[in-house]
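K.L.:
As input, take my_file27.cif (mmCIF, C-alpha atoms):
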data_entry
#
loop_
_atom_site.label_atom_id
_atom_site.label_comp_id
_atom_site.auth_asym_id
_atom_site.auth_seq_id
_atom_site.Cartn_x
_atom_site.Cartn_y
_atom_site.Cartn_z
CA MET U 820 1.10 -2.50 15.66
CA ASP U 821 -0.09 -3.67 12.25
CA ARG U 822 -0.59 -7.33 11.52
CA VAL U 823 1.52 -9.04 8.84
CA ILE U 824 -0.77 -10.96 6.50
CA PHE U 825 0.30 -12.98 3.46
CA HIS U 826 -1.98 -14.02 0.63
CA CYS U 827 -0.41 -16.87 -1.33
CA ASP U 828 -1.83 -17.71 -4.76
CA LEU U 829 -0.61 -20.79 -6.65
CA ASN U 830 -0.15 -19.50 -10.20
CA ALA U 831 -2.27 -21.18 -12.90
CA PHE U 832 -2.74 -23.99 -10.41
CA TYR U 833 -4.59 -26.64 -12.44
CA ALA U 834 -2.35 -26.09 -15.46
CA SER U 835 0.79 -26.11 -13.29
CA VAL U 836 -0.17 -29.45 -11.76
CA GLU U 837 -0.90 -30.99 -15.16
CA LEU U 838 2.38 -29.72 -16.62
CA LEU U 839 4.33 -31.58 -13.94
CA SER U 840 3.53 -34.66 -16.05
CA TYR U 841 4.28 -32.88 -19.36
CA PRO U 842 7.36 -30.70 -18.79
CA GLU U 843 7.99 -30.59 -22.54
CA LEU U 844 4.80 -28.50 -22.93
CA ARG U 845 5.74 -25.72 -20.48
CA GLU U 846 6.55 -23.15 -23.15
CA LYS U 847 3.55 -23.99 -25.33
CA PRO U 848 0.00 -22.63 -24.84
CA VAL U 849 -1.82 -25.15 -22.64
CA ALA U 850 -5.26 -25.11 -21.00
CA VAL U 851 -7.10 -27.47 -18.68
CA CYS U 852 -10.73 -27.94 -19.64
CA GLY U 853 -13.88 -29.85 -18.80
CA ASP U 854 -15.29 -32.62 -20.95
CA PRO U 855 -16.78 -31.22 -24.20
CA ALA U 856 -18.85 -34.38 -24.73
CA ALA U 857 -20.58 -33.81 -21.40
CA ARG U 858 -21.26 -30.12 -22.29
CA HIS U 859 -18.73 -28.92 -19.74
CA GLY U 860 -16.35 -27.66 -22.43
CA ILE U 861 -14.99 -24.55 -20.75
CA ILE U 862 -11.47 -23.45 -19.88
CA LEU U 863 -10.73 -24.19 -16.21
CA ALA U 864 -7.14 -22.93 -16.20
CA LYS U 865 -4.43 -21.82 -18.61
CA ASN U 866 -0.67 -21.35 -18.48
CA GLU U 867 1.13 -18.07 -19.15
CA ALA U 868 1.71 -18.89 -22.83
CA ALA U 869 -2.03 -19.37 -23.37
CA LYS U 870 -2.83 -16.26 -21.33
CA ALA U 871 -0.54 -14.25 -23.60
CA GLN U 872 -2.71 -15.35 -26.54
CA GLY U 873 -5.84 -13.98 -24.84
CA VAL U 874 -7.21 -17.27 -23.50
CA LYS U 875 -9.42 -16.68 -20.46
CA THR U 876 -10.69 -18.88 -17.68
CA ALA U 877 -14.40 -19.82 -17.94
CA GLU U 878 -14.69 -19.15 -21.67
CA THR U 879 -15.73 -21.97 -23.98
CA ILE U 880 -13.19 -24.15 -25.75
CA TRP U 881 -14.25 -22.90 -29.19
CA GLN U 882 -13.77 -19.27 -28.09
CA ALA U 883 -10.30 -20.07 -26.74
CA ARG U 884 -9.26 -21.93 -29.90
CA ARG U 885 -10.46 -19.10 -32.06
CA LYS U 886 -7.93 -16.87 -30.28
CA CYS U 887 -5.22 -19.53 -30.08
CA PRO U 888 -5.48 -22.27 -32.75
CA ALA U 889 -2.36 -24.00 -31.36
CA LEU U 890 -3.90 -24.33 -27.89
CA LEU U 891 -3.22 -27.75 -26.30
CA LEU U 892 -5.99 -29.10 -24.09
CA LEU U 893 -5.49 -31.34 -21.07
CA PRO U 894 -8.24 -33.02 -19.03
CA ALA U 895 -8.78 -32.09 -15.38
CA HIS U 896 -7.70 -34.36 -12.50
CA HIS U 897 -9.26 -32.96 -9.34
CA ASP U 898 -7.73 -35.61 -7.09
CA LYS U 899 -4.28 -34.33 -8.08
CA TYR U 900 -5.27 -30.74 -7.34
CA ARG U 901 -6.49 -31.64 -3.85
CA TYR U 902 -3.22 -33.54 -3.22
CA TYR U 903 -0.97 -30.65 -4.23
CA SER U 904 -3.16 -28.17 -2.37
CA ARG U 905 -2.55 -30.18 0.81
CA LEU U 906 1.20 -30.22 0.15
CA ALA U 907 1.21 -26.44 -0.28
CA GLY U 908 -0.69 -26.10 3.00
CA GLU U 909 1.96 -28.17 4.76
CA ILE U 910 4.65 -25.76 3.54
CA TYR U 911 2.65 -22.76 4.78
CA ARG U 912 2.20 -24.32 8.21
CA ARG U 913 5.96 -24.46 8.71
CA TYR U 914 5.78 -20.71 9.32
CA THR U 915 2.46 -20.23 11.14
CA ASP U 916 -0.50 -22.25 12.37
CA LEU U 917 -2.82 -19.43 11.22
CA VAL U 918 -3.44 -20.60 7.65
CA GLU U 919 -6.87 -19.99 6.07
CA PRO U 920 -7.57 -21.67 2.71
CA PHE U 921 -9.50 -19.55 0.21
CA GLY U 922 -10.40 -22.09 -2.43
CA ILE U 923 -8.09 -24.87 -3.50
CA ASP U 924 -5.21 -22.67 -4.72
CA GLU U 925 -5.17 -19.64 -2.40
CA SER U 926 -4.45 -19.18 1.32
CA TRP U 927 -4.05 -16.38 3.83
CA LEU U 928 -1.28 -16.65 6.40
CA ASP U 929 -1.03 -14.52 9.55
CA VAL U 930 2.68 -14.42 10.38
CA THR U 931 2.47 -11.54 12.87
CA GLY U 932 3.42 -13.72 15.82
CA THR U 933 6.05 -15.85 14.10
CA LEU U 934 7.80 -13.39 11.77
CA GLY U 935 10.56 -12.75 14.33
CA LEU U 936 11.50 -16.43 14.26
CA PHE U 937 12.38 -16.14 10.55
CA GLY U 938 14.38 -12.93 10.43
CA GLY U 939 11.67 -10.32 10.85
CA ASP U 940 11.55 -9.22 7.19
CA PRO U 941 8.11 -9.93 5.60
CA ALA U 942 9.36 -9.61 2.00
CA ALA U 943 12.30 -11.95 2.65
CA LEU U 944 9.99 -14.54 4.22
CA ALA U 945 7.59 -14.31 1.26
CA ASP U 946 10.53 -14.85 -1.13
CA ARG U 947 11.61 -17.84 0.95
CA LEU U 948 8.13 -19.34 0.62
CA ARG U 949 8.20 -18.85 -3.15
CA GLU U 950 11.57 -20.59 -3.45
CA GLU U 951 10.46 -23.54 -1.32
CA MET U 952 7.32 -23.96 -3.39
CA LYS U 953 9.35 -24.03 -6.62
CA ARG U 954 11.98 -26.38 -5.23
CA GLU U 955 9.67 -28.87 -3.51
CA LEU U 956 6.51 -28.84 -5.65
CA GLY U 957 7.75 -27.47 -8.97
CA MET U 958 5.14 -24.68 -8.93
CA THR U 959 5.19 -20.94 -8.41
CA ILE U 960 3.18 -18.70 -6.12
CA SER U 961 2.51 -14.98 -6.02
CA VAL U 962 2.51 -13.52 -2.51
CA GLY U 963 0.80 -10.34 -1.38
CA VAL U 964 2.01 -8.88 1.93
CA SER U 965 -0.05 -6.29 3.78
CA PHE U 966 -1.70 -5.40 7.07
CA ASN U 967 -5.08 -7.03 6.36
CA LYS U 968 -6.55 -9.86 4.29
CA VAL U 969 -8.24 -7.74 1.61
CA PHE U 970 -5.11 -5.77 0.73
CA ALA U 971 -2.89 -8.87 0.92
CA LYS U 972 -5.07 -10.48 -1.75
CA LEU U 973 -4.85 -7.37 -3.90
CA GLY U 974 -1.09 -7.65 -3.50
CA SER U 975 -0.93 -11.24 -4.77
CA ASP U 976 -3.02 -10.22 -7.80
CA TYR U 977 -0.93 -7.10 -8.47
CA LYS U 978 2.10 -8.84 -9.98
CA LYS U 979 2.07 -12.37 -11.47
CA PRO U 980 3.46 -14.94 -11.82
CA ASP U 981 6.03 -15.79 -9.13
CA ALA U 982 6.25 -12.40 -7.42
CA THR U 983 6.17 -10.77 -4.00
CA THR U 984 4.28 -7.49 -3.58
CA VAL U 985 4.40 -5.61 -0.28
CA ILE U 986 1.70 -3.00 0.35
CA SER U 987 2.22 -0.90 3.46
CA ARG U 988 -0.39 1.40 4.91
CA GLU U 989 1.38 4.41 3.39
CA GLN U 990 1.41 2.86 -0.10
CA VAL U 991 -2.34 2.19 -0.30
CA PRO U 992 -3.34 5.49 -2.01
CA GLN U 993 -0.52 5.17 -4.54
CA ILE U 994 -0.74 1.45 -5.38
CA LEU U 995 -4.28 0.31 -4.67
CA TRP U 996 -6.65 3.25 -5.00
CA PRO U 997 -6.08 3.69 -8.78
CA LEU U 998 -7.11 0.04 -9.40
CA PRO U 999 -10.57 -0.77 -10.81
CA VAL U 1000 -13.16 -1.23 -8.10
CA THR U 1001 -13.89 -4.69 -9.52
CA ASP U 1002 -10.43 -5.80 -8.29
CA LEU U 1003 -11.60 -5.46 -4.70
CA LEU U 1004 -12.66 -8.64 -2.97
CA PHE U 1005 -16.46 -9.16 -2.92
CA VAL U 1006 -17.28 -6.51 -5.54
CA GLY U 1007 -19.46 -8.61 -7.84
CA ARG U 1008 -21.14 -7.68 -11.10
CA ALA U 1009 -24.31 -6.36 -9.47
CA SER U 1010 -22.36 -4.21 -6.99
CA ALA U 1011 -20.06 -2.95 -9.76
CA ARG U 1012 -23.06 -1.89 -11.86
CA MET U 1013 -24.60 0.00 -8.97
CA LEU U 1014 -21.30 1.71 -8.11
CA ALA U 1015 -20.74 2.67 -11.77
CA GLU U 1016 -24.17 4.34 -11.83
CA HIS U 1017 -22.85 6.61 -9.08
CA HIS U 1018 -19.52 7.28 -10.86
CA ILE U 1019 -17.49 4.99 -8.59
CA HIS U 1020 -14.99 3.23 -10.85
CA THR U 1021 -11.83 2.82 -8.79
CA ILE U 1022 -11.02 1.57 -5.30
CA GLY U 1023 -10.08 5.16 -4.45
CA ASP U 1024 -13.50 6.39 -5.58
CA LEU U 1025 -15.06 3.83 -3.25
CA ALA U 1026 -12.82 4.82 -0.34
CA ARG U 1027 -13.70 8.51 -0.76
CA ALA U 1028 -17.46 7.94 -1.14
CA ARG U 1029 -19.81 8.73 1.72
CA ARG U 1030 -20.43 5.62 3.82
CA GLU U 1031 -24.08 6.53 4.34
CA ASP U 1032 -24.59 6.78 0.56
CA LEU U 1033 -23.08 3.34 0.03
CA LYS U 1034 -25.37 1.93 2.70
CA LYS U 1035 -28.36 3.51 0.92
CA TRP U 1036 -27.35 2.01 -2.42
CA LEU U 1037 -26.04 -1.42 -1.33
CA GLY U 1038 -27.17 -1.91 2.25
CA LYS U 1039 -24.77 -3.40 4.78
CA HIS U 1040 -22.63 -4.73 1.91
CA GLY U 1041 -21.96 -1.15 0.82
CA GLU U 1042 -20.60 -0.29 4.26
CA GLN U 1043 -18.37 -3.37 4.20
CA LEU U 1044 -16.97 -2.44 0.79
CA HIS U 1045 -16.29 1.12 1.96
CA ASP U 1046 -14.39 -0.19 5.00
CA ALA U 1047 -12.41 -2.64 2.85
CA ALA U 1048 -11.37 0.11 0.40
CA ASN U 1049 -10.12 2.24 3.30
CA GLY U 1050 -8.11 -0.59 4.85
CA TRP U 1051 -10.46 -1.03 7.79
CA ASP U 1052 -10.88 -4.79 7.34
CA HIS U 1053 -9.92 -6.48 10.61
CA SER U 1054 -11.21 -9.99 9.86
CA PRO U 1055 -8.98 -12.67 11.39
CA VAL U 1056 -7.14 -15.39 9.52
CA ARG U 1057 -9.08 -18.50 10.48
CA PRO U 1058 -7.48 -21.97 10.27
CA ALA U 1059 -9.47 -24.46 8.18
CA GLY U 1060 -11.18 -26.05 11.21
CA GLU U 1061 -12.41 -22.66 12.40
CA THR U 1062 -14.00 -21.51 9.15
CA PRO U 1063 -17.39 -19.89 9.90
CA PRO U 1064 -20.53 -21.57 8.60
CA PRO U 1065 -21.48 -20.85 4.98
CA LYS U 1066 -23.66 -17.86 4.12
CA SER U 1067 -25.37 -19.83 1.35
CA VAL U 1068 -25.53 -23.39 0.06
CA GLY U 1069 -26.04 -24.03 -3.64
CA ASN U 1070 -25.77 -26.58 -6.39
CA GLY U 1071 -25.71 -26.03 -10.13
CA LEU U 1072 -25.72 -28.26 -13.16
CA THR U 1073 -25.12 -27.85 -16.88
CA PHE U 1074 -27.39 -30.54 -18.30
CA ARG U 1075 -26.20 -33.15 -20.77
CA ARG U 1076 -28.77 -31.76 -23.21
CA ASN U 1077 -31.06 -28.75 -23.25
CA LEU U 1078 -34.22 -29.30 -21.23
CA THR U 1079 -37.63 -28.41 -22.69
CA GLY U 1080 -41.09 -28.76 -21.24
CA ALA U 1081 -42.34 -28.53 -17.68
CA GLU U 1082 -41.61 -32.18 -16.89
CA GLU U 1083 -37.93 -32.09 -17.83
CA ILE U 1084 -37.23 -28.68 -16.30
CA GLN U 1085 -39.00 -29.61 -13.07
CA ALA U 1086 -37.04 -32.88 -13.00
CA GLY U 1087 -33.81 -30.88 -13.09
CA ALA U 1088 -35.11 -28.62 -10.33
CA GLN U 1089 -36.04 -31.61 -8.19
CA LEU U 1090 -32.57 -33.13 -8.51
CA LEU U 1091 -30.85 -29.89 -7.51
CA ALA U 1092 -33.31 -29.22 -4.67
CA GLU U 1093 -32.53 -32.63 -3.19
CA ARG U 1094 -28.79 -31.95 -3.33
CA VAL U 1095 -29.16 -28.50 -1.74
CA ALA U 1096 -31.41 -29.84 1.03
CA LEU U 1097 -28.95 -32.64 1.77
CA ARG U 1098 -26.08 -30.18 2.10
CA LEU U 1099 -28.14 -27.97 4.41
CA ARG U 1100 -28.81 -30.93 6.68
CA ARG U 1101 -25.13 -31.87 6.62
CA HIS U 1102 -24.30 -28.35 7.85
CA GLN U 1103 -27.22 -28.47 10.35
CA LEU U 1104 -28.69 -25.36 8.77
CA LYS U 1105 -32.03 -24.22 7.39
CA CYS U 1106 -32.72 -21.57 4.76
CA THR U 1107 -35.26 -18.77 4.65
CA THR U 1108 -34.71 -17.80 1.00
CA VAL U 1109 -34.44 -19.84 -2.21
CA GLN U 1110 -32.66 -18.41 -5.26
CA VAL U 1111 -32.69 -19.87 -8.77
CA SER U 1112 -30.41 -19.01 -11.68
CA LEU U 1113 -31.43 -20.12 -15.19
CA ARG U 1114 -29.21 -20.12 -18.28
CA SER U 1115 -30.34 -20.42 -21.87
CA PRO U 1116 -28.31 -22.07 -24.68
CA GLU U 1117 -27.34 -18.50 -25.72
CA PHE U 1118 -25.81 -18.00 -22.23
CA LYS U 1119 -28.46 -15.50 -21.17
CA THR U 1120 -28.92 -15.74 -17.40
CA ILE U 1121 -32.03 -14.98 -15.34
CA GLN U 1122 -31.97 -14.92 -11.52
CA ARG U 1123 -34.93 -14.85 -9.13
CA GLN U 1124 -35.51 -15.48 -5.42
CA LYS U 1125 -38.32 -15.84 -2.89
CA GLY U 1126 -38.77 -16.51 0.80
CA THR U 1127 -39.70 -19.93 2.17
CA PRO U 1128 -42.90 -20.51 4.19
CA ALA U 1129 -40.68 -21.24 7.22
CA PRO U 1130 -36.97 -22.01 7.78
CA THR U 1131 -36.40 -25.31 5.97
CA ASN U 1132 -33.94 -27.93 4.80
CA VAL U 1133 -36.60 -30.10 3.12
CA SER U 1134 -36.14 -30.75 -0.59
CA ARG U 1135 -39.89 -30.74 -1.33
CA VAL U 1136 -40.27 -27.25 0.12
CA ILE U 1137 -37.23 -25.92 -1.75
CA PHE U 1138 -38.46 -27.58 -4.95
CA GLN U 1139 -41.91 -26.00 -4.59
CA CYS U 1140 -40.35 -22.55 -4.16
CA VAL U 1141 -38.31 -23.09 -7.34
CA VAL U 1142 -41.39 -24.21 -9.30
CA GLU U 1143 -43.24 -21.07 -8.21
CA LEU U 1144 -40.29 -18.95 -9.35
CA LEU U 1145 -40.13 -20.81 -12.68
CA GLU U 1146 -43.83 -20.34 -13.33
CA GLY U 1147 -43.45 -16.59 -13.17
CA THR U 1148 -40.12 -16.43 -14.99
CA TRP U 1149 -39.52 -19.13 -17.57
CA ASN U 1150 -41.36 -20.19 -20.69
CA TRP U 1151 -41.66 -23.97 -20.24
CA SER U 1152 -41.24 -24.56 -23.97
CA ALA U 1153 -37.95 -22.59 -24.13
CA PRO U 1154 -34.75 -24.68 -23.96
CA LEU U 1155 -32.81 -24.55 -20.69
CA ARG U 1156 -29.07 -25.22 -20.65
CA ALA U 1157 -28.18 -24.90 -16.96
CA MET U 1158 -29.77 -24.27 -13.57
CA THR U 1159 -28.43 -23.36 -10.13
CA ILE U 1160 -30.44 -23.47 -6.90
CA THR U 1161 -29.07 -21.63 -3.87
CA ALA U 1162 -30.37 -21.67 -0.30
CA ALA U 1163 -29.72 -18.34 1.44
CA GLY U 1164 -30.72 -16.58 4.63
CA LEU U 1165 -29.30 -19.48 6.61
CA VAL U 1166 -30.01 -20.10 10.30
CA PRO U 1167 -28.80 -22.91 12.60
CA GLU U 1168 -31.32 -25.72 13.01
CA GLU U 1169 -31.58 -25.15 16.77
CA GLU U 1170 -32.63 -21.53 16.16
CA ALA U 1171 -35.10 -22.33 13.40
CA GLY U 1172 -38.15 -23.53 15.27
CA GLU U 1173 -41.39 -23.12 13.33
CA GLN U 1174 -44.43 -21.50 14.86
CA LEU U 1175 -47.64 -23.30 13.90
CA ASP U 1176 -49.97 -21.24 11.71
CA LEU U 1177 -53.38 -20.92 13.36
CA PHE U 1178 -55.17 -21.27 10.04
CA THR U 1179 -53.00 -23.85 8.25
CA PRO U 1180 -51.39 -26.00 10.97
CA GLN U 1181 -51.47 -29.03 8.67
CA ALA U 1182 -48.82 -27.50 6.40
CA ALA U 1183 -46.34 -27.14 9.26
CA VAL U 1184 -47.04 -30.70 10.41
CA ARG U 1185 -46.48 -31.98 6.86
CA ARG U 1186 -43.15 -30.15 6.67
CA GLY U 1187 -42.08 -31.69 9.97
CA LYS U 1188 -42.95 -35.19 8.76
CA GLN U 1189 -41.16 -34.58 5.46
CA GLU U 1190 -38.01 -33.48 7.30
CA LYS U 1191 -38.03 -36.67 9.38
CA LEU U 1192 -38.49 -38.75 6.23
CA GLU U 1193 -35.57 -37.08 4.46
CA ARG U 1194 -33.31 -37.50 7.51
CA THR U 1195 -34.15 -41.21 7.51
CA MET U 1196 -33.24 -41.33 3.82
CA ASP U 1197 -29.94 -39.57 4.64
CA ALA U 1198 -29.09 -42.26 7.20
CA LEU U 1199 -29.80 -45.05 4.70
CA ARG U 1200 -27.69 -43.38 2.02
CA ASP U 1201 -24.81 -42.88 4.46
CA ARG U 1202 -24.88 -46.56 5.28
CA TYR U 1203 -25.62 -48.19 1.93
CA GLY U 1204 -24.68 -45.58 -0.71
CA PRO U 1205 -26.22 -42.43 -2.24
CA HIS U 1206 -28.56 -44.27 -4.63
CA VAL U 1207 -30.01 -46.89 -2.28
CA ILE U 1208 -33.23 -44.90 -1.82
CA GLY U 1209 -35.03 -42.05 -3.54
CA TYR U 1210 -38.46 -40.77 -4.42
CA ALA U 1211 -40.34 -43.19 -6.67
CA SER U 1212 -41.41 -40.82 -9.41
CA ARG U 1213 -41.06 -40.40 -13.13
CA GLN U 1214 -39.37 -37.07 -12.44
CA THR U 1215 -36.63 -38.79 -10.44
CA GLN U 1216 -35.74 -41.09 -13.32
CA THR U 1217 -35.84 -38.20 -15.78
CA ALA U 1218 -33.57 -36.20 -13.50
CA ARG U 1219 -30.95 -38.94 -13.42
CA GLU U 1220 -31.02 -39.26 -17.18
CA ILE U 1221 -30.55 -35.55 -17.91
CA ALA U 1222 -27.77 -35.33 -15.31
CA GLY U 1223 -25.93 -38.33 -16.74
CA ASP U 1224 -26.81 -40.42 -13.69
CA GLU U 1225 -28.38 -43.43 -15.39
CA THR U 1226 -26.01 -45.98 -13.87
CA GLY U 1227 -26.49 -44.92 -10.27
CA LYS U 1228 -22.71 -44.50 -9.96
CA ARG U 1229 -22.36 -40.75 -10.34
CA LYS U 1230 -20.67 -39.18 -7.30
CA GLU U 1231 -22.49 -36.52 -5.30
CA GLU U 1232 -20.84 -33.10 -5.38
CA SER U 1233 -18.98 -32.52 -2.14
CA PRO U 1234 -20.38 -29.82 0.16
#
Translate this structure into structure tokens?
P.N.:
Amino acid sequence: MDRVIFHCDLNAFYASVELLSYPELREKPVAVCGDPAARHGIILAKNEAAKAQGVKTAETIWQARRKCPALLLLPAHHDKYRYYSRLAGEIYRRYTDLVEPFGIDESWLDVTGTLGLFGGDPAALADRLREEMKRELGMTISVGVSFNKVFAKLGSDYKKPDATTVISREQVPQILWPLPVTDLLFVGRASARMLAEHHIHTIGDLARARREDLKKWLGKHGEQLHDAANGWDHSPVRPAGETPPPKSVGNGLTFRRNLTGAEEIQAGAQLLAERVALRLRRHQLKCTTVQVSLRSPEFKTIQRQKGTPAPTNVSRVIFQCVVELLEGTWNWSAPLRAMTITAAGLVPEEEAGEQLDLFTPQAAVRRGKQEKLERTMDALRDRYGPHVIGYASRQTQTAREIAGDETGKRKEESP
């Protein structure tokens, strides 16, 4: 018997929350954006009226206003979004305890075991959820109903806003296979480019491709995409407390001003390396690969990666890997707008023992001492605040300045 999986997507979530305070603006084009003065001036969300004018999420404010001169901008209030996300989760849990959040505004629900308690009709239950969300929170959701998580998400994207879309096993070739392959969950830009080179443009093309060819082109990820396109995804809906550990841990920053010169760019790298290392230790993980993404003022992006000397969650080691990548990639005199550092190839700390190198045992010993030092710093920060202790270096002060952290009051990004 097939499972019954819902994917519930709160429509234009940030904008919908903000418009609860400005009901008179509902029919006007409205967008929620970051702070232009802090160089975070991009569109975070838009309502349907703005979408109809061509406004897109993640584009800059000036691009959006060029399309829609009457666009009204509202600042973001992330505490409100977390609050309403929790309220939506409480509504979902009235119908099943198998609720898996997918970001702040989306959730999967497995109602296979409880559907009979609510009439047994998946579409009717989805409509009931939509009505309760409107009545109690004043917001709309789109609900996709299918037999696995991947197709349920495609269903919620298929018709918006405020709609229910049911996709049975028999309807997959008719409804889903003609869709662009980029609509499928986990088909990113790099995968899409590779698939396009082999004339795979739709989900149906992907489903009909030879699995062994996809493995040759994209490795294990190619096999996973092939299975997803054919409806062979059997991943369970995991409640929030049972979410598996992350596959990567990263932190990015758009700097308050463009960075130039080795000192400033390395200061930014040091700040991000410390944040990534801290989050790794919080998750009790170590990484074996460090990735860096660099963005110029013209929005050109360069990405590079390299392996670590040993599994690590030490900021100095991560920072050194980034510096080595920068030296072979970036012209120090060129302006840098943004940087992201990502730790990948993660392994649990208890499985990440380091074997001493016969020829350079001192390096392993130094890494061990550095890890103990940074854990001690973690404990002090937990007790007295995030800025009570840090490395005494000119780079550290420069990093705080370029990140807008001069006062010592800037909040750490949550893991």
K.L.:
I would like the residues chosen by the PyMOL selection byres ((chain U and resi 1114-1116) around 7) on the shown file; could you give them as a list in words?
P.N.:
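Matching residues under the PyMOL selection byres ((chain U and resi 1114-1116) around 7) are Ser1112, Leu1113, Glu1117, Phe1118, Lys1119, Thr1120, Ile1121, Pro1154, Leu1155, Arg1156, Ala1157 and Met1158 of chain U.
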K.L.:
Can you write just those residues out, C-alpha atoms, as an mmCIF file, keeping the file's coordinate frame?
P.N.:
data_model
loop_
_atom_site.group_PDB
_atom_site.id
_atom_site.type_symbol
_atom_site.label_atom_id
_atom_site.label_comp_id
_atom_site.auth_asym_id
_atom_site.auth_seq_id
_atom_site.Cartn_x
_atom_site.Cartn_y
_atom_site.Cartn_z
ATOM 1 C CA SER U 1112 -30.410 -19.010 -11.680
ATOM 2 C CA LEU U 1113 -31.430 -20.120 -15.190
ATOM 3 C CA GLU U 1117 -27.340 -18.500 -25.720
ATOM 4 C CA PHE U 1118 -25.810 -18.000 -22.230
ATOM 5 C CA LYS U 1119 -28.460 -15.500 -21.170
ATOM 6 C CA THR U 1120 -28.920 -15.740 -17.400
ATOM 7 C CA ILE U 1121 -32.030 -14.980 -15.340
ATOM 8 C CA PRO U 1154 -34.750 -24.680 -23.960
ATOM 9 C CA LEU U 1155 -32.810 -24.550 -20.690
ATOM 10 C CA ARG U 1156 -29.070 -25.220 -20.650
ATOM 11 C CA ALA U 1157 -28.180 -24.900 -16.960
ATOM 12 C CA MET U 1158 -29.770 -24.270 -13.570
#
K.L.:
Rounded to one decimal, what separation in Å do you get between CA of Ile910 in chain U and CA of Gly939 in chain U?
P.N.:
18.5 Å
K.L.:
With only C-alpha atoms as the atoms that count, which of U:Val1111, U:Ile1137, U:Ile1084, U:Ala869 lies nearest to Leu1097 in chain U?
P.N.:
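The closest residue to Leu1097 in chain U is U:Ile1137.
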K.L.:
Return as a PyMOL selection string the set of residues that the PyMOL selection byres ((chain U and resi 1043-1048) around 10) yields on the displayed structure.
P.N.:
chain U and resi 967-970+991-992+995-996+1000+1003-1006+1010+1021-1031+1033-1034+1037-1042+1049-1053
K.L.:
Dig up all the protein and nucleic acid residues within 9 Å of (-25.0, -19.3, -1.9) in the file frame, using only C-alpha atoms, and format them as a PyMOL selection string.
P.N.:
chain U and resi 1065-1070+1110+1160-1163
K.L.:
Could you write those residues out with C-alpha atoms, as an mmCIF file, in the coordinates of the input?
P.N.:
data_model
loop_
_atom_site.group_PDB
_atom_site.id
_atom_site.type_symbol
_atom_site.label_atom_id
_atom_site.label_comp_id
_atom_site.auth_asym_id
_atom_site.auth_seq_id
_atom_site.Cartn_x
_atom_site.Cartn_y
_atom_site.Cartn_z
ATOM 1 C CA PRO U 1065 -21.480 -20.850 4.980
ATOM 2 C CA LYS U 1066 -23.660 -17.860 4.120
ATOM 3 C CA SER U 1067 -25.370 -19.830 1.350
ATOM 4 C CA VAL U 1068 -25.530 -23.390 0.060
ATOM 5 C CA GLY U 1069 -26.040 -24.030 -3.640
ATOM 6 C CA ASN U 1070 -25.770 -26.580 -6.390
ATOM 7 C CA GLN U 1110 -32.660 -18.410 -5.260
ATOM 8 C CA ILE U 1160 -30.440 -23.470 -6.900
ATOM 9 C CA THR U 1161 -29.070 -21.630 -3.870
ATOM 10 C CA ALA U 1162 -30.370 -21.670 -0.300
ATOM 11 C CA ALA U 1163 -29.720 -18.340 1.440
#
K.L.:
Would you write out, as a count of residues only, every residue that the PyMOL selection byres ((chain U and resi 986) around 7) captures in this file?
P.N.:
9
K.L.:
Go through U:Leu892, U:Val930, U:Ala1011, U:Val1136 and flag the residue nearest Lys847 in chain U, using all atoms listed in the file for the distances.
P.N.:
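Smallest separation from Lys847 in chain U among the options: U:Leu892.
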K.L.:
Please provide the set of residues having any atom within 7 Å of Leu890 in chain U, restricted to all atoms listed in the file, with same-chain residues fewer than 5 positions apart removed, written as a list in words.
P.N.:
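The contact residues come out as Pro848, Val849, Ala869 and Arg884 of chain U.
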K.L.:
Residues within 12 Å of (7.6, -19.5, -27.7), file coordinates, counting all atoms listed in the file: what are they? Give the list as an mmCIF file with C-alpha atoms, in the frame of the given file.
P.N.:
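New file point28.cif:
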data_model
loop_
_atom_site.group_PDB
_atom_site.id
_atom_site.type_symbol
_atom_site.label_atom_id
_atom_site.label_comp_id
_atom_site.auth_asym_id
_atom_site.auth_seq_id
_atom_site.Cartn_x
_atom_site.Cartn_y
_atom_site.Cartn_z
ATOM 1 C CA LEU U 844 4.800 -28.500 -22.930
ATOM 2 C CA ARG U 845 5.740 -25.720 -20.480
ATOM 3 C CA GLU U 846 6.550 -23.150 -23.150
ATOM 4 C CA LYS U 847 3.550 -23.990 -25.330
ATOM 5 C CA PRO U 848 0.000 -22.630 -24.840
ATOM 6 C CA GLU U 867 1.130 -18.070 -19.150
ATOM 7 C CA ALA U 868 1.710 -18.890 -22.830
ATOM 8 C CA ALA U 869 -2.030 -19.370 -23.370
ATOM 9 C CA ALA U 871 -0.540 -14.250 -23.600
ATOM 10 C CA GLN U 872 -2.710 -15.350 -26.540
ATOM 11 C CA ALA U 889 -2.360 -24.000 -31.360
#
K.L.:
At what distance in Å, to one decimal, does CA of Tyr833 in chain U lie from CA of Pro888 in chain U?
P.N.:
20.8 Å
K.L.:
What is the distance between CA of Leu1072 in chain U and CA of Leu1091 in chain U, in Å to one decimal?
P.N.:
7.8 Å
K.L.:
Name the closest residue to Lys1125 in chain U among the candidates U:Val1166, U:Asp981, U:Pro1064, U:Phe1138; distances are taken between atoms, counting all atoms listed in the file.
P.N.:
U:Phe1138
K.L.:
Would you mind telling me which residue in U:Lys870, U:Val1056, U:Ile861, U:Ile824 lies nearest to Leu934 in chain U when using only C-alpha atoms?
P.N.:
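Looking only at the distances to Leu934 in chain U, the closest residue turns out to be U:Ile824.
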K.L.:
Name all residues at most 12 Å from Ala1059 in chain U (count all atoms listed in the file; drop same-chain ones fewer than 2 positions away) and give them as a ChimeraX atom specification.
P.N.:
/U:905,908,912,916-923,926-928,1056-1057,1061-1064
